[in-house]
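Note sheet for the following structure.
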Amino acid sequence: MKYSEWKTLSAEERKSIGWHRHPHIRTATLFAIVFAITFIIVVLGISKNSTIHLNRKPTAKEAFTMAKLFVKEKLKQPQKAVFPNNSFKSVIDTTINSYEVQSTVKIENDSGKMEQSAWEVKMLYTDGDWAEKNSWQVKNINIIPQP
């Protein structure tokens, strides 16, 4: 029954019609069901993603990603730094959660020219989500300009 039809009914007719034929109750029920299903999907998606990050140790690529962030913090002009996509060397010891990552970065020197520098980061994975800085303890960062 449409709402326009509902408005034309008398009070007696409205009382005799069951709740399931009332237009506002049907609409509210449908919205409640859609909301409940959407909420469940979102909650399951978030919890599944969290457990993936928390229940395993970081890979070499993930350690490289975090090492780049730590190197950027040490640069004078981090916004102009250019890192290679997948060119890196890593030494990982998962028994003590030790990660050593080596790669290069192109940075702008004082005269405005781009120069390549090698860098090495030694860090420990403490625990938690690998994508958060507080899950890592940086032991050493070396940035060495190359001729």
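Naming scheme: A, B, ... for chains in displayed order of the structure tokens; residues 1 onward per chain; ligands 1 onward as shown.
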Write down as number ranges by chain the residues belonging to chain A that are assigned strand (DSSP E or B) by DSSP computed on the backbone. A: 82, 89-93, 98-108, 114-125, 136-145
Take the residues from that selection and put them in a file with C-alpha atoms, as a CSV table (one decimal), in the first residue's frame.
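Heads up, here's the output in part09.csv:
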```csv
chain,number,residue,atom,x,y,z
A,82,VAL,CA,63.2,9.6,-5.1
A,89,LYS,CA,68.8,-5.7,-0.2
A,90,SER,CA,67.6,-7.1,3.1
A,91,VAL,CA,69.0,-9.3,5.8
A,92,ILE,CA,66.2,-10.6,8.1
A,93,ASP,CA,66.7,-12.6,11.3
A,98,SER,CA,66.1,-7.9,13.3
A,99,TYR,CA,65.8,-6.3,9.9
A,100,GLU,CA,68.6,-4.7,7.9
A,101,VAL,CA,67.6,-2.9,4.7
A,102,GLN,CA,70.0,-1.4,2.1
A,103,SER,CA,69.0,0.7,-1.0
A,104,THR,CA,69.6,4.0,-2.7
A,105,VAL,CA,67.8,7.4,-2.9
A,106,LYS,CA,68.2,10.3,-5.2
A,107,ILE,CA,68.2,13.6,-3.2
A,108,GLU,CA,68.7,17.2,-4.1
A,114,MET,CA,70.0,15.5,-7.9
A,115,GLU,CA,72.6,13.1,-6.5
A,116,GLN,CA,72.4,9.4,-5.6
A,117,SER,CA,73.1,8.3,-2.0
A,118,ALA,CA,73.2,4.8,-0.6
A,119,TRP,CA,71.5,4.1,2.7
A,120,GLU,CA,71.3,1.4,5.3
A,121,VAL,CA,68.8,1.0,8.1
A,122,LYS,CA,69.1,-1.5,11.0
A,123,MET,CA,65.9,-1.9,13.0
A,124,LEU,CA,64.1,-4.2,15.2
A,125,TYR,CA,60.4,-5.2,14.9
A,136,TRP,CA,59.8,-0.6,15.0
A,137,GLN,CA,62.9,0.3,17.0
A,138,VAL,CA,65.6,1.9,14.8
A,139,LYS,CA,69.1,0.9,15.7
A,140,ASN,CA,71.1,2.7,13.1
A,141,ILE,CA,70.6,4.8,9.9
A,142,ASN,CA,73.5,5.5,7.5
A,143,ILE,CA,73.1,7.7,4.4
A,144,ILE,CA,76.3,7.8,2.3
A,145,PRO,CA,76.5,10.1,-0.7
```
Show which residues sit within 9 Å of Lys133 in chain A, as a list in words. Count only C-alpha atoms, and ignore same-chain residues fewer than 3 positions away.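 Those residues are Met66, Leu69, Phe70, Asp129, Trp130, Trp136 and Gln137 of chain A.
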Atoms to include: all heavy atoms. Write the selected residues as a PDB file, in the first residue's frame.
```pdb
ATOM      1  N   MET A  66      58.942   0.584   5.507  1.00  0.00           N
ATOM      2  CA  MET A  66      59.141   1.308   6.763  1.00  0.00           C
ATOM      3  C   MET A  66      60.525   1.964   6.806  1.00  0.00           C
ATOM      4  O   MET A  66      60.670   3.088   7.297  1.00  0.00           O
ATOM      5  CB  MET A  66      58.961   0.371   7.955  1.00  0.00           C
ATOM      6  CG  MET A  66      57.544  -0.104   8.142  1.00  0.00           C
ATOM      7  SD  MET A  66      56.320   1.226   8.200  1.00  0.00           S
ATOM      8  CE  MET A  66      56.809   2.109   9.663  1.00  0.00           C
ATOM      9  N   LEU A  69      60.534   5.273   5.177  1.00  0.00           N
ATOM     10  CA  LEU A  69      59.968   6.329   6.025  1.00  0.00           C
ATOM     11  C   LEU A  69      61.003   6.868   7.015  1.00  0.00           C
ATOM     12  O   LEU A  69      61.103   8.077   7.234  1.00  0.00           O
ATOM     13  CB  LEU A  69      58.761   5.801   6.791  1.00  0.00           C
ATOM     14  CG  LEU A  69      57.502   5.534   5.982  1.00  0.00           C
ATOM     15  CD1 LEU A  69      56.434   4.906   6.868  1.00  0.00           C
ATOM     16  CD2 LEU A  69      56.982   6.812   5.370  1.00  0.00           C
ATOM     17  N   PHE A  70      61.783   5.959   7.603  1.00  0.00           N
ATOM     18  CA  PHE A  70      62.795   6.383   8.569  1.00  0.00           C
ATOM     19  C   PHE A  70      63.905   7.178   7.887  1.00  0.00           C
ATOM     20  O   PHE A  70      64.427   8.145   8.451  1.00  0.00           O
ATOM     21  CB  PHE A  70      63.361   5.185   9.325  1.00  0.00           C
ATOM     22  CG  PHE A  70      62.346   4.495  10.195  1.00  0.00           C
ATOM     23  CD1 PHE A  70      62.144   3.125  10.114  1.00  0.00           C
ATOM     24  CD2 PHE A  70      61.585   5.206  11.092  1.00  0.00           C
ATOM     25  CE1 PHE A  70      61.208   2.487  10.908  1.00  0.00           C
ATOM     26  CE2 PHE A  70      60.638   4.587  11.905  1.00  0.00           C
ATOM     27  CZ  PHE A  70      60.457   3.223  11.805  1.00  0.00           C
ATOM     28  N   ASP A 129      51.250  -3.873  14.516  1.00  0.00           N
ATOM     29  CA  ASP A 129      51.028  -3.657  13.090  1.00  0.00           C
ATOM     30  C   ASP A 129      52.326  -3.152  12.459  1.00  0.00           C
ATOM     31  O   ASP A 129      52.865  -2.126  12.866  1.00  0.00           O
ATOM     32  CB  ASP A 129      49.904  -2.632  12.901  1.00  0.00           C
ATOM     33  CG  ASP A 129      49.488  -2.463  11.457  1.00  0.00           C
ATOM     34  OD1 ASP A 129      50.095  -3.108  10.572  1.00  0.00           O
ATOM     35  OD2 ASP A 129      48.547  -1.693  11.201  1.00  0.00           O
ATOM     36  N   TRP A 130      52.839  -3.854  11.453  1.00  0.00           N
ATOM     37  CA  TRP A 130      54.124  -3.484  10.851  1.00  0.00           C
ATOM     38  C   TRP A 130      54.073  -2.098  10.209  1.00  0.00           C
ATOM     39  O   TRP A 130      55.098  -1.450  10.050  1.00  0.00           O
ATOM     40  CB  TRP A 130      54.561  -4.509   9.803  1.00  0.00           C
ATOM     41  CG  TRP A 130      53.667  -4.556   8.595  1.00  0.00           C
ATOM     42  CD1 TRP A 130      52.627  -5.400   8.381  1.00  0.00           C
ATOM     43  CD2 TRP A 130      53.718  -3.706   7.448  1.00  0.00           C
ATOM     44  NE1 TRP A 130      52.025  -5.133   7.188  1.00  0.00           N
ATOM     45  CE2 TRP A 130      52.682  -4.098   6.572  1.00  0.00           C
ATOM     46  CE3 TRP A 130      54.536  -2.653   7.057  1.00  0.00           C
ATOM     47  CZ2 TRP A 130      52.439  -3.476   5.357  1.00  0.00           C
ATOM     48  CZ3 TRP A 130      54.298  -2.034   5.841  1.00  0.00           C
ATOM     49  CH2 TRP A 130      53.264  -2.448   5.000  1.00  0.00           C
ATOM     50  N   TRP A 136      58.376  -0.405  15.437  1.00  0.00           N
ATOM     51  CA  TRP A 136      59.774  -0.595  15.043  1.00  0.00           C
ATOM     52  C   TRP A 136      60.686   0.201  15.966  1.00  0.00           C
ATOM     53  O   TRP A 136      60.351   1.282  16.423  1.00  0.00           O
ATOM     54  CB  TRP A 136      59.986  -0.116  13.608  1.00  0.00           C
ATOM     55  CG  TRP A 136      59.213  -0.885  12.592  1.00  0.00           C
ATOM     56  CD1 TRP A 136      57.945  -0.630  12.170  1.00  0.00           C
ATOM     57  CD2 TRP A 136      59.651  -2.032  11.880  1.00  0.00           C
ATOM     58  NE1 TRP A 136      57.568  -1.553  11.229  1.00  0.00           N
ATOM     59  CE2 TRP A 136      58.601  -2.429  11.020  1.00  0.00           C
ATOM     60  CE3 TRP A 136      60.827  -2.773  11.865  1.00  0.00           C
ATOM     61  CZ2 TRP A 136      58.696  -3.522  10.184  1.00  0.00           C
ATOM     62  CZ3 TRP A 136      60.921  -3.857  11.018  1.00  0.00           C
ATOM     63  CH2 TRP A 136      59.864  -4.230  10.189  1.00  0.00           C
ATOM     64  N   GLN A 137      61.865  -0.365  16.206  1.00  0.00           N
ATOM     65  CA  GLN A 137      62.898   0.330  16.958  1.00  0.00           C
ATOM     66  C   GLN A 137      64.108   0.463  16.040  1.00  0.00           C
ATOM     67  O   GLN A 137      64.709  -0.535  15.651  1.00  0.00           O
ATOM     68  CB  GLN A 137      63.257  -0.457  18.221  1.00  0.00           C
ATOM     69  CG  GLN A 137      64.305   0.190  19.063  1.00  0.00           C
ATOM     70  CD  GLN A 137      64.674  -0.664  20.265  1.00  0.00           C
ATOM     71  OE1 GLN A 137      64.202  -1.789  20.408  1.00  0.00           O
ATOM     72  NE2 GLN A 137      65.514  -0.130  21.117  1.00  0.00           N
TER      73      GLN A 137
END
```
Identify all residues of chain A in alpha helix (DSSP H) (DSSP on the backbone) and supply them as a compact mmCIF listing (two decimals) with C-alpha atoms, in the first residue's frame.
```txt
# COMPACT_ATOMS: atom_id res chain seq x y z
CA TYR A 3 1.37 6.28 1.53
CA SER A 4 -1.00 8.29 -0.66
CA GLU A 5 -3.55 5.47 -0.38
CA TRP A 6 -2.99 5.24 3.38
CA LYS A 7 -3.87 8.91 3.84
CA THR A 8 -7.25 8.43 2.11
CA ALA A 11 -9.64 5.91 11.03
CA GLU A 12 -11.64 2.66 11.21
CA GLU A 13 -10.05 1.32 8.03
CA ARG A 14 -6.59 2.20 9.30
CA LYS A 15 -7.23 0.27 12.54
CA SER A 16 -8.44 -2.81 10.69
CA PRO A 23 3.81 2.01 4.43
CA HIS A 24 6.11 3.62 7.02
CA ILE A 25 6.66 0.40 8.93
CA ARG A 26 7.62 -1.43 5.73
CA THR A 27 10.08 1.30 4.77
CA ALA A 28 11.64 1.42 8.22
CA THR A 29 11.98 -2.37 8.30
CA LEU A 30 13.73 -2.43 4.94
CA PHE A 31 16.15 0.31 5.96
CA ALA A 32 16.89 -1.46 9.25
CA ILE A 33 17.69 -4.72 7.46
CA VAL A 34 19.95 -2.99 4.91
CA PHE A 35 21.74 -1.10 7.69
CA ALA A 36 22.29 -4.28 9.73
CA ILE A 37 23.75 -6.16 6.75
CA THR A 38 26.04 -3.24 5.85
CA PHE A 39 27.21 -2.91 9.46
CA ILE A 40 28.06 -6.62 9.69
CA ILE A 41 30.01 -6.53 6.42
CA VAL A 42 32.03 -3.50 7.54
CA VAL A 43 32.83 -4.98 10.96
CA LEU A 44 33.93 -8.30 9.46
CA GLY A 45 36.08 -6.53 6.87
CA ILE A 46 37.85 -4.41 9.47
CA SER A 47 38.49 -7.27 11.87
CA LYS A 48 39.79 -9.54 9.09
CA ASN A 49 42.23 -6.85 7.92
CA SER A 50 43.49 -6.23 11.47
CA THR A 51 44.25 -9.88 12.14
CA ILE A 52 46.22 -10.18 8.90
CA HIS A 53 48.54 -7.36 9.98
CA LEU A 54 48.91 -8.38 13.60
CA ALA A 60 61.24 -7.83 3.34
CA LYS A 61 59.10 -5.52 1.18
CA GLU A 62 57.20 -4.28 4.24
CA ALA A 63 60.47 -3.66 6.10
CA PHE A 64 61.72 -1.74 3.02
CA THR A 65 58.59 0.41 3.11
CA MET A 66 59.14 1.31 6.76
CA ALA A 67 62.88 1.85 6.27
CA LYS A 68 62.12 4.40 3.53
CA LEU A 69 59.97 6.33 6.02
CA PHE A 70 62.80 6.38 8.57
CA VAL A 71 65.30 7.53 5.92
CA LYS A 72 62.94 10.31 4.79
CA GLU A 73 62.87 11.63 8.36
CA LYS A 74 66.66 12.09 8.24
```
Under the rule that only C-alpha atoms are counted, which of A:Phe88, A:Lys80, A:Ser135, A:Ile17 is the nearest residue to Lys113 in chain A?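 Going through A:Phe88, A:Lys80, A:Ser135, A:Ile17 one by one, the smallest distance to Lys113 in chain A is for A:Lys80.
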Just how far from CA of Pro58 in chain A is CA of Ala81 in chain A, in Å to one decimal?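 These atoms are spaced 24.2 Å apart.
Using only C-alpha atoms for every distance, the candidate list A:Gln146, A:Ser87, A:Thr126, A:Asn109 yields A:Asn109 as the residue closest to Leu75 in chain A.
Separating CA of Asn86 in chain A from CA of Arg56 in chain A is a distance of 21.6 Å.
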